[in-house]
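So this one's final-v1.txt, compact mmCIF, C-alpha atoms:
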```txt
# COMPACT_ATOMS: atom_id res chain seq x y z
CA MET A 19 74.99 26.81 -121.93
CA LYS A 20 73.21 29.95 -123.06
CA LEU A 21 72.29 32.54 -120.43
CA ARG A 22 68.58 32.02 -121.10
CA GLU A 23 69.00 28.29 -120.35
CA GLN A 24 71.05 28.99 -117.22
CA VAL A 25 68.47 31.41 -115.84
CA GLY A 26 65.65 28.95 -116.51
CA LEU A 27 67.55 26.11 -114.85
CA ASN A 28 68.39 28.28 -111.85
CA ILE A 29 64.77 29.32 -111.42
CA ARG A 30 63.64 25.70 -111.58
CA ASN A 31 66.31 24.56 -109.11
CA LEU A 32 65.61 27.40 -106.67
CA ARG A 33 61.86 26.82 -106.93
CA ASN A 34 62.27 23.09 -106.29
CA SER A 35 64.67 23.67 -103.38
CA LYS A 36 61.99 25.81 -101.74
CA GLY A 37 59.32 23.18 -102.36
CA MET A 38 57.30 25.46 -104.63
CA SER A 39 55.22 24.44 -107.61
CA GLN A 40 55.21 26.51 -110.77
CA GLU A 41 51.72 27.63 -109.82
CA GLN A 42 52.86 28.83 -106.38
CA LEU A 43 55.81 30.70 -107.87
CA ALA A 44 53.60 32.25 -110.53
CA LEU A 45 51.11 33.47 -107.93
CA ALA A 46 53.88 34.88 -105.72
CA ALA A 47 55.56 36.61 -108.68
CA ASP A 48 52.24 37.79 -110.18
CA VAL A 49 52.80 36.11 -113.55
CA ASP A 50 51.04 33.31 -115.42
CA ARG A 51 52.05 29.72 -114.61
CA SER A 52 52.63 28.95 -118.28
CA TYR A 53 55.07 31.88 -118.44
CA ILE A 54 57.10 30.38 -115.57
CA SER A 55 57.20 27.11 -117.51
CA GLU A 56 58.38 28.86 -120.68
CA ILE A 57 61.14 30.66 -118.76
CA GLU A 58 62.30 27.46 -117.07
CA LEU A 59 62.38 25.65 -120.42
CA ALA A 60 64.24 28.58 -122.07
CA LYS A 61 61.38 29.03 -124.55
CA ASN A 62 60.91 32.64 -123.46
CA ALA A 63 63.32 35.30 -122.21
CA ALA A 64 61.96 37.18 -119.23
CA SER A 65 62.38 40.92 -118.83
CA ILE A 66 64.47 42.35 -116.02
CA ASP A 67 61.27 43.39 -114.25
CA ILE A 68 59.86 39.84 -114.36
CA LEU A 69 63.18 38.38 -113.19
CA GLU A 70 63.10 40.79 -110.25
CA GLN A 71 59.56 39.66 -109.38
CA ILE A 72 60.63 36.01 -109.58
CA ALA A 73 63.69 36.62 -107.40
CA LEU A 74 61.52 38.37 -104.80
CA ALA A 75 59.03 35.50 -104.89
CA LEU A 76 61.89 33.02 -104.39
CA ASP A 77 63.38 35.22 -101.64
CA VAL A 78 66.80 35.35 -103.33
CA ALA A 79 69.00 38.14 -104.63
CA PRO A 80 68.39 38.66 -108.38
CA LYS A 81 72.01 37.76 -109.10
CA GLU A 82 71.25 34.21 -107.91
CA LEU A 83 69.25 33.72 -111.10
CA PHE A 84 72.40 34.22 -113.17
CA ASN A 85 74.93 32.15 -111.20
CA GLU A 86 76.60 29.25 -112.94
CA ARG A 87 75.94 26.10 -111.00
CA GLY A 88 77.79 22.82 -111.28
```
Could you write out this structure as structure tokens?
Amino acid sequence: MKLREQVGLNIRNLRNSKGMSQEQLALAADVDRSYISEIELAKNAASIDILEQIALALDVAPKELFNERG
């Protein structure tokens, strides 16, 4: 799996585990909801700054976005 796909999957899984919608995550991270969707679907590669905002909104360490999950 490509890193872009892994990050998108991790964001989706973390968001779902916290019971957040894409809209809620987007508001908390101060990005557009469609951008969250594009990241989760690996259609767009987020910058380090955006990934940091998403990690803060999810209340996880940024490295959690890059972990390989089984």
Original post:
Distance CA of Gln71 (chain A)-CA of Ala47 (chain A), one decimal place?
Top reply: 5.1 Å
Original post:
Quick one: distance from CA of Glu41 (chain A) to CA of Asp67 (chain A) in Å, one decimal?
Top reply: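 Atom-to-atom, CA of Glu41 (chain A) and CA of Asp67 (chain A) are spaced 19.0 Å apart.
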**OP:** Might you pull out every residue within 6 Å of region 24-39 of chain A, with only C-alpha atoms counted and same-chain residues fewer than 6 positions away left off, and present them as a list in words?
**Re:**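 In the requested form, the answer reads Ile57, Glu58, Ala60, Leu83 and Phe84 of chain A.
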Original post:
Interatomic distance between CA of Asp50 (chain A) and CA of Glu82 (chain A)?
Top reply: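 Spanning CA of Asp50 (chain A) to CA of Glu82 (chain A) is a straight-line distance of 21.6 Å.
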**OP:** Would you kindly return, as a VMD selection string, each protein, DNA or RNA residue with an atom no farther than 9 Å from any atom of Asn62 (chain A), considering all atoms listed in the file and excluding same-chain residues fewer than 5 positions away?
**Re:** chain A and resid 22 53 55 to 57
Please, what is the axis-aligned box for every listed atom of region 75-82 of chain A with 4 Å on each side, as centre and edge lengths in Å to one decimal, as AutoDock Vina command-line options?
```
--center_x 65.5 --center_y 35.8 --center_z -105.4 --size_x 21.0 --size_y 13.6 --size_z 15.5
```
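Nearest to Lys20 (chain A) of all the residues A:Ala79, A:Ile66, A:Leu59, A:Ala73 is A:Leu59, counting all atoms listed in the file.
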**OP:** Find, counting all atoms listed in the file, the residue in A:Leu21, A:Lys81, A:Arg51, A:Arg87 that gets nearest to Leu69 (chain A).
**Re:**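 Among the listed residues, the smallest separation from Leu69 (chain A) belongs to A:Lys81.
The closest residue to Leu76 (chain A), picked from A:Met19, A:Ala63, A:Ile54, A:Leu43 and counting all atoms listed in the file, is A:Leu43.
Among the candidates A:Glu23, A:Ile68, A:Asn85, A:Pro80, the residue lying nearest to Asp48 (chain A) is A:Ile68 (atoms considered: all atoms listed in the file).
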Residue completion, region 55-80 of chain A, N, CA and C atoms, as a short mmCIF file (atom, residue, chain, number, x, y, z; two decimals), in the frame of the given file:
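Writing done, so here's rebuild.cif:
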```cif
data_model
loop_
_atom_site.label_atom_id
_atom_site.label_comp_id
_atom_site.auth_asym_id
_atom_site.auth_seq_id
_atom_site.Cartn_x
_atom_site.Cartn_y
_atom_site.Cartn_z
N SER A 55 56.78 28.30 -116.80
CA SER A 55 57.20 27.11 -117.51
C SER A 55 58.06 27.47 -118.73
N GLU A 56 57.62 28.44 -119.50
CA GLU A 56 58.38 28.86 -120.68
C GLU A 56 59.75 29.41 -120.31
N ILE A 57 59.84 30.13 -119.21
CA ILE A 57 61.14 30.66 -118.76
C ILE A 57 62.04 29.51 -118.34
N GLU A 58 61.50 28.60 -117.54
CA GLU A 58 62.30 27.46 -117.07
C GLU A 58 62.79 26.58 -118.21
N LEU A 59 62.00 26.48 -119.27
CA LEU A 59 62.38 25.65 -120.42
C LEU A 59 63.16 26.44 -121.48
N ALA A 60 63.49 27.69 -121.17
CA ALA A 60 64.24 28.58 -122.07
C ALA A 60 63.51 28.82 -123.39
N LYS A 61 62.18 28.74 -123.36
CA LYS A 61 61.38 29.03 -124.55
C LYS A 61 61.03 30.51 -124.62
N ASN A 62 61.23 31.22 -123.52
CA ASN A 62 60.91 32.64 -123.46
C ASN A 62 61.96 33.32 -122.60
N ALA A 63 62.36 34.51 -122.98
CA ALA A 63 63.32 35.30 -122.21
C ALA A 63 62.55 36.33 -121.40
N ALA A 64 62.68 36.26 -120.10
CA ALA A 64 61.96 37.18 -119.23
C ALA A 64 62.64 38.54 -119.19
N SER A 65 61.84 39.57 -118.99
CA SER A 65 62.38 40.92 -118.83
C SER A 65 63.06 41.04 -117.47
N ILE A 66 63.83 42.07 -117.30
CA ILE A 66 64.47 42.35 -116.02
C ILE A 66 63.42 42.52 -114.92
N ASP A 67 62.33 43.18 -115.24
CA ASP A 67 61.27 43.39 -114.25
C ASP A 67 60.67 42.07 -113.79
N ILE A 68 60.42 41.16 -114.72
CA ILE A 68 59.86 39.84 -114.36
C ILE A 68 60.88 39.04 -113.56
N LEU A 69 62.15 39.10 -113.95
CA LEU A 69 63.18 38.38 -113.19
C LEU A 69 63.27 38.91 -111.76
N GLU A 70 63.10 40.21 -111.60
CA GLU A 70 63.10 40.79 -110.25
C GLU A 70 61.92 40.26 -109.45
N GLN A 71 60.74 40.19 -110.06
CA GLN A 71 59.56 39.66 -109.38
C GLN A 71 59.76 38.20 -108.98
N ILE A 72 60.37 37.42 -109.87
CA ILE A 72 60.63 36.01 -109.58
C ILE A 72 61.63 35.87 -108.44
N ALA A 73 62.69 36.67 -108.48
CA ALA A 73 63.69 36.62 -107.40
C ALA A 73 63.05 36.98 -106.06
N LEU A 74 62.21 38.00 -106.04
CA LEU A 74 61.52 38.37 -104.80
C LEU A 74 60.62 37.24 -104.32
N ALA A 75 59.92 36.60 -105.24
CA ALA A 75 59.03 35.50 -104.89
C ALA A 75 59.81 34.30 -104.35
N LEU A 76 61.03 34.11 -104.86
CA LEU A 76 61.89 33.02 -104.39
C LEU A 76 62.71 33.41 -103.16
N ASP A 77 62.63 34.69 -102.78
CA ASP A 77 63.38 35.22 -101.64
C ASP A 77 64.89 35.04 -101.82
N VAL A 78 65.37 35.39 -103.02
CA VAL A 78 66.80 35.35 -103.33
C VAL A 78 67.20 36.67 -103.97
N ALA A 79 68.48 36.98 -103.93
CA ALA A 79 69.00 38.14 -104.63
C ALA A 79 68.89 37.87 -106.14
N PRO A 80 68.52 38.87 -106.93
CA PRO A 80 68.39 38.66 -108.38
C PRO A 80 69.62 38.03 -109.02
#
```
